[in-house]
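Q: Just passing along the structure, written as structure tokens.
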Amino acid sequence: MTTANILVNLPPGFYRTPALRPMFKRLAALGTVRKRSWNTAQEISKDLPWADAILMWSWPVLESAALDTATRLKVVGCIDVSRASAEIYLARQTLVATARRCWAPAVAEMALGLTLAGLRRISLYHGAMRVAKENWVKDFPLDLDLRERELTGLRVGIIGLGAVGRRFAQLLGPFHTSLQVYDPFLTEEAIATAGGTKSELAPLLASCDVVVLCAGSNPGTARLLAAKQIRSLKPHAVLVNVARAALVDTPALIARLKLGTLTVACDVFDQEPLPVRSPLRTLPNALLTPHRAGGLMSSAQRAMTMLVDDIQSGLTGGDLAHPLVPAMLPGLDA
């Protein structure tokens with residue numbers, strides 16, 4: 001194989017991370033590697049005519065006019081890809097690998113952890129113990145907090161059965177839950193294969209003890225949980241959001257939380273970092289994590305491995321293990 005020109009356009013931290021060095025050595029063995037951290041289409045345009053392959057996150061969006069200048073391009077590898085970019089690539093029949101499923105194992109595990117923390121009130125207990133203000137059971141079982149429940153046997157709803165939703169469903173297996181799934185793009189048979197029962201949104205929200213958001217953010221899911229839907233959540237349900245903040249009407253969520261009849265475990269927010277004065281920070285029934293669900297080194301290593309494998313295959317005329325296909329479009333972020 002003749003050596004290839006490989007354009008890598010990633011945040012600077014990727015190039016300084018020791019655990020990712022083996023991936024860059026593999027790329028170097030394939031040809032000449034240019035390491036860039038461009039944020040705009042204008043910046044990256046100067047490198048496109050040179051590249052036989054591109055490895056990038058999801059930005060900048062490469063419009064058709066820009067791709068017209070990439071006359072040597074054989075394969076693109078994207079950690080993630082927006083729907084707008086995907087439609088351009090598919091229309092042009094560009095060979096594209098996407099590693100967007102690299103986050104699924106970590107995000108699903110975080111969803112399980114937040115579910116358990118919300119049900120068992122772990123964060124509240126921990127915080128109280130830190131300041132010596134905890135309550136000890138004195139009259140068992142009369143003074144038990146009935147809001148604290150075990151996950152085993154509960155009714156759990158998943159909204160969006162993509163890679164994260166499917167992995168989360170697998171993790172629920174030992175808990176013998178009754179799994180309800182809202183995903184209008186999947187058949188009853190496909191959902192049953194994942195261990196769930198297909199449901200419409202309204203009955204899922206009204207009946208489930210735990211609701212986990214795993215869907216992408218696009219015009220079809222914007223404010224999927226608006227004020228009406230948030231009000232309809234079962235009393236003392238646990239709502240877990242490891243997807244996108246845009247799926248939820250945050251002011252309506254805060255209003256419901258102030259009633260004390262809902263627990264939310266949230267990893268994503270309308271504004272990030274979360275403003276210091278956000279009401280969410282003061283609500284005891286809001287369990288918050290700083291957008292860390294997928295952010296593990298294993299996720300970054302998995303993403304790079306997936307893309308380097310497919311770039312090597314694409315450069316040599318082989319099939320991609322993780323190709324972008326039209327069926328992915330509904331689940332992509334806008």
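Just so we're on the same page: first chain in the structure tokens is A, next is B, and so on; residues restart at 1 for each chain, and ligands are numbered from 1 in the order they show up.
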For Ala215 of chain A, please output as a list in words all residues within 8 Å (counting only C-alpha atoms; exclusion window: fewer than 3 positions along the same chain).
A: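 Within the cut-off, the hits are Ile159, Gly160, Leu161, Gly162, Thr221, Ala243, Arg244 and Gly331 of chain A.
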Q: Where does DSSP see helix (DSSP H, G or I) in segment 60-196 of chain A, if you list the residues as an NGL selection string?
A: :A and (64-68 or 83-92 or 100-120 or 122-130 or 163-171 or 173-175 or 188-193)
Q: Would you mind listing, for every residue of segment 98-133 of chain A within 8 Å of segment 294-304 of chain A, the two atoms forming the shortest contact and the distance between them in Å to one decimal, using only C-alpha atoms, sorted by chain and ascending residue number, as a Markdown table?
A:
```
| residue | atom | partner | partner_atom | distance |
| --- | --- | --- | --- | --- |
| A:Ala99 | CA | A:Ala303 | CA | 5.3 |
| A:Arg100 | CA | A:Ala303 | CA | 7.6 |
| A:Cys102 | CA | A:Ala303 | CA | 5.3 |
| A:Trp103 | CA | A:Gly294 | CA | 5.0 |
| A:Ala104 | CA | A:Gly294 | CA | 7.2 |
| A:Pro105 | CA | A:Gly294 | CA | 7.9 |
| A:Ala106 | CA | A:Gly294 | CA | 5.0 |
| A:Val107 | CA | A:Gly294 | CA | 4.7 |
| A:Met110 | CA | A:Gly294 | CA | 7.9 |
```
Q: So what do you get for atom CA of Val264 of chain A versus atom CA of Ile79 of chain A, distance-wise?
A: 28.9 Å
Q: For a test of reading the model, state the distance in Å between atom CA of Glu188 of chain A and atom CA of Leu213 of chain A, rounded to one decimal.
A: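 That distance, rounded to one decimal, is 19.0 Å.
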Q: As an MDAnalysis selection string, please: every residue in segment 66-225 of chain A that DSSP puts in strand (DSSP E).
A: chainID A and resid 75:78 96:98 155:159 178:182 197:198 210:213
Q: Produce a file of the selected residues containing N, CA and C atoms, as a PDB file, in the first residue's frame.
A:
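Full text of part_5.pdb as output:
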```pdb
ATOM      1  N   VAL A  75     -11.707   8.161   2.790  1.00  0.00           N
ATOM      2  CA  VAL A  75     -12.480   7.736   3.959  1.00  0.00           C
ATOM      3  C   VAL A  75     -12.416   8.827   5.030  1.00  0.00           C
ATOM      4  N   VAL A  76     -13.528   8.982   5.720  1.00  0.00           N
ATOM      5  CA  VAL A  76     -13.620   9.917   6.849  1.00  0.00           C
ATOM      6  C   VAL A  76     -13.991   9.118   8.095  1.00  0.00           C
ATOM      7  N   GLY A  77     -13.330   9.394   9.208  1.00  0.00           N
ATOM      8  CA  GLY A  77     -13.671   8.773  10.482  1.00  0.00           C
ATOM      9  C   GLY A  77     -14.100   9.847  11.468  1.00  0.00           C
ATOM     10  N   CYS A  78     -15.330   9.742  11.977  1.00  0.00           N
ATOM     11  CA  CYS A  78     -15.878  10.758  12.886  1.00  0.00           C
ATOM     12  C   CYS A  78     -16.206  10.122  14.233  1.00  0.00           C
ATOM     13  N   VAL A  96     -17.742   6.806   5.242  1.00  0.00           N
ATOM     14  CA  VAL A  96     -17.603   7.410   6.569  1.00  0.00           C
ATOM     15  C   VAL A  96     -17.752   6.350   7.650  1.00  0.00           C
ATOM     16  N   ALA A  97     -16.813   6.361   8.578  1.00  0.00           N
ATOM     17  CA  ALA A  97     -16.905   5.543   9.788  1.00  0.00           C
ATOM     18  C   ALA A  97     -17.297   6.463  10.937  1.00  0.00           C
ATOM     19  N   THR A  98     -18.135   5.981  11.815  1.00  0.00           N
ATOM     20  CA  THR A  98     -18.493   6.771  12.984  1.00  0.00           C
ATOM     21  C   THR A  98     -18.347   5.934  14.243  1.00  0.00           C
ATOM     22  N   ARG A 155     -40.938  -0.834  37.578  1.00  0.00           N
ATOM     23  CA  ARG A 155     -41.292  -0.556  36.178  1.00  0.00           C
ATOM     24  C   ARG A 155     -40.377   0.566  35.683  1.00  0.00           C
ATOM     25  N   VAL A 156     -39.574   0.273  34.683  1.00  0.00           N
ATOM     26  CA  VAL A 156     -38.575   1.210  34.172  1.00  0.00           C
ATOM     27  C   VAL A 156     -38.900   1.566  32.735  1.00  0.00           C
ATOM     28  N   GLY A 157     -38.822   2.843  32.423  1.00  0.00           N
ATOM     29  CA  GLY A 157     -39.047   3.310  31.063  1.00  0.00           C
ATOM     30  C   GLY A 157     -37.776   3.849  30.442  1.00  0.00           C
ATOM     31  N   ILE A 158     -37.497   3.463  29.210  1.00  0.00           N
ATOM     32  CA  ILE A 158     -36.370   3.992  28.447  1.00  0.00           C
ATOM     33  C   ILE A 158     -36.927   4.774  27.270  1.00  0.00           C
ATOM     34  N   ILE A 159     -36.470   5.995  27.107  1.00  0.00           N
ATOM     35  CA  ILE A 159     -36.858   6.816  25.969  1.00  0.00           C
ATOM     36  C   ILE A 159     -35.670   6.901  25.022  1.00  0.00           C
ATOM     37  N   SER A 178     -39.717  -4.480  34.894  1.00  0.00           N
ATOM     38  CA  SER A 178     -40.678  -4.454  33.794  1.00  0.00           C
ATOM     39  C   SER A 178     -40.289  -3.287  32.904  1.00  0.00           C
ATOM     40  N   LEU A 179     -39.718  -3.586  31.751  1.00  0.00           N
ATOM     41  CA  LEU A 179     -39.094  -2.559  30.917  1.00  0.00           C
ATOM     42  C   LEU A 179     -40.046  -2.079  29.824  1.00  0.00           C
ATOM     43  N   GLN A 180     -40.342  -0.781  29.848  1.00  0.00           N
ATOM     44  CA  GLN A 180     -41.166  -0.131  28.834  1.00  0.00           C
ATOM     45  C   GLN A 180     -40.270   0.762  27.981  1.00  0.00           C
ATOM     46  N   VAL A 181     -40.500   0.791  26.674  1.00  0.00           N
ATOM     47  CA  VAL A 181     -39.631   1.542  25.774  1.00  0.00           C
ATOM     48  C   VAL A 181     -40.462   2.438  24.864  1.00  0.00           C
ATOM     49  N   TYR A 182     -40.082   3.696  24.806  1.00  0.00           N
ATOM     50  CA  TYR A 182     -40.653   4.613  23.817  1.00  0.00           C
ATOM     51  C   TYR A 182     -39.589   4.919  22.778  1.00  0.00           C
ATOM     52  N   THR A 197     -40.967  -3.763  26.258  1.00  0.00           N
ATOM     53  CA  THR A 197     -42.287  -3.707  25.641  1.00  0.00           C
ATOM     54  C   THR A 197     -42.474  -2.319  25.050  1.00  0.00           C
ATOM     55  N   LYS A 198     -42.905  -2.254  23.805  1.00  0.00           N
ATOM     56  CA  LYS A 198     -43.092  -0.965  23.141  1.00  0.00           C
ATOM     57  C   LYS A 198     -44.240  -0.213  23.804  1.00  0.00           C
ATOM     58  N   VAL A 210     -39.098   4.597  37.209  1.00  0.00           N
ATOM     59  CA  VAL A 210     -37.846   5.191  36.736  1.00  0.00           C
ATOM     60  C   VAL A 210     -37.994   5.463  35.251  1.00  0.00           C
ATOM     61  N   VAL A 211     -37.619   6.656  34.819  1.00  0.00           N
ATOM     62  CA  VAL A 211     -37.632   7.013  33.397  1.00  0.00           C
ATOM     63  C   VAL A 211     -36.230   7.485  33.035  1.00  0.00           C
ATOM     64  N   VAL A 212     -35.632   6.867  32.015  1.00  0.00           N
ATOM     65  CA  VAL A 212     -34.262   7.176  31.617  1.00  0.00           C
ATOM     66  C   VAL A 212     -34.264   7.708  30.194  1.00  0.00           C
ATOM     67  N   LEU A 213     -33.717   8.902  30.014  1.00  0.00           N
ATOM     68  CA  LEU A 213     -33.645   9.532  28.700  1.00  0.00           C
ATOM     69  C   LEU A 213     -32.347   9.140  28.008  1.00  0.00           C
TER      70      LEU A 213
END
```
Q: Of the residues A:Ser64, A:Asn9, A:Thr263, A:Ser45, which is the one nearest to Tyr89 of chain A, using only C-alpha atoms?
A: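 Among A:Ser64, A:Asn9, A:Thr263, A:Ser45, it is A:Ser64 that comes nearest to Tyr89 of chain A.
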Q: Rank nothing, just name the residue among A:Cys266, A:Ala91, A:Leu315, A:Ala108 nearest to Phe168 of chain A, using only C-alpha atoms.
A: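 Counting only C-alpha atoms, the residue closest to Phe168 of chain A is A:Ala108.
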Q: For Asp267 of chain A, find every residue with an atom within 8 Å (counting only C-alpha atoms), except residues of its own chain fewer than 3 positions away, and show them as a ChimeraX atom specification.
A: /A:241-243,288-293
Q: Take the residues from that selection and put them in a file with N, CA and C atoms, as a compact mmCIF listing (two decimals), in the first residue's frame.
A:
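Below is the file that was written, part_13.txt:
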```
# COMPACT_ATOMS: atom_id res chain seq x y z
N ASN A 241 -31.45 11.71 33.21
CA ASN A 241 -31.12 12.26 31.89
C ASN A 241 -29.63 12.16 31.64
N VAL A 242 -29.26 11.17 30.80
CA VAL A 242 -27.87 11.03 30.35
C VAL A 242 -27.81 11.28 28.85
N ALA A 243 -28.85 11.91 28.30
CA ALA A 243 -28.93 12.16 26.86
C ALA A 243 -28.57 13.60 26.55
N LEU A 288 -26.84 15.76 40.63
CA LEU A 288 -26.21 16.38 39.48
C LEU A 288 -24.78 15.87 39.27
N THR A 289 -24.45 15.61 38.00
CA THR A 289 -23.07 15.29 37.63
C THR A 289 -22.70 16.15 36.42
N PRO A 290 -21.43 16.58 36.30
CA PRO A 290 -21.02 17.58 35.31
C PRO A 290 -20.70 16.99 33.93
N HIS A 291 -21.72 16.45 33.27
CA HIS A 291 -21.59 15.90 31.91
C HIS A 291 -20.42 14.92 31.82
N ARG A 292 -20.45 13.93 32.69
CA ARG A 292 -19.36 12.97 32.76
C ARG A 292 -19.76 11.55 32.38
N ALA A 293 -20.98 11.35 31.93
CA ALA A 293 -21.47 9.99 31.71
C ALA A 293 -20.57 9.18 30.78
```
Q: Nearest residue to Ile6 of chain A out of A:Ala65, A:Val325, A:Lys74, A:Thr193, using only C-alpha atoms?
A: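 Among the listed residues, A:Lys74 lies closest to Ile6 of chain A.
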Q: Would you list the contacts of segment 226-239 of chain A as a count of residues only, taking every protein, DNA or RNA residue within 9 Å and counting only C-alpha atoms, but skipping same-chain residues closer than 5 positions in sequence?
A: 31
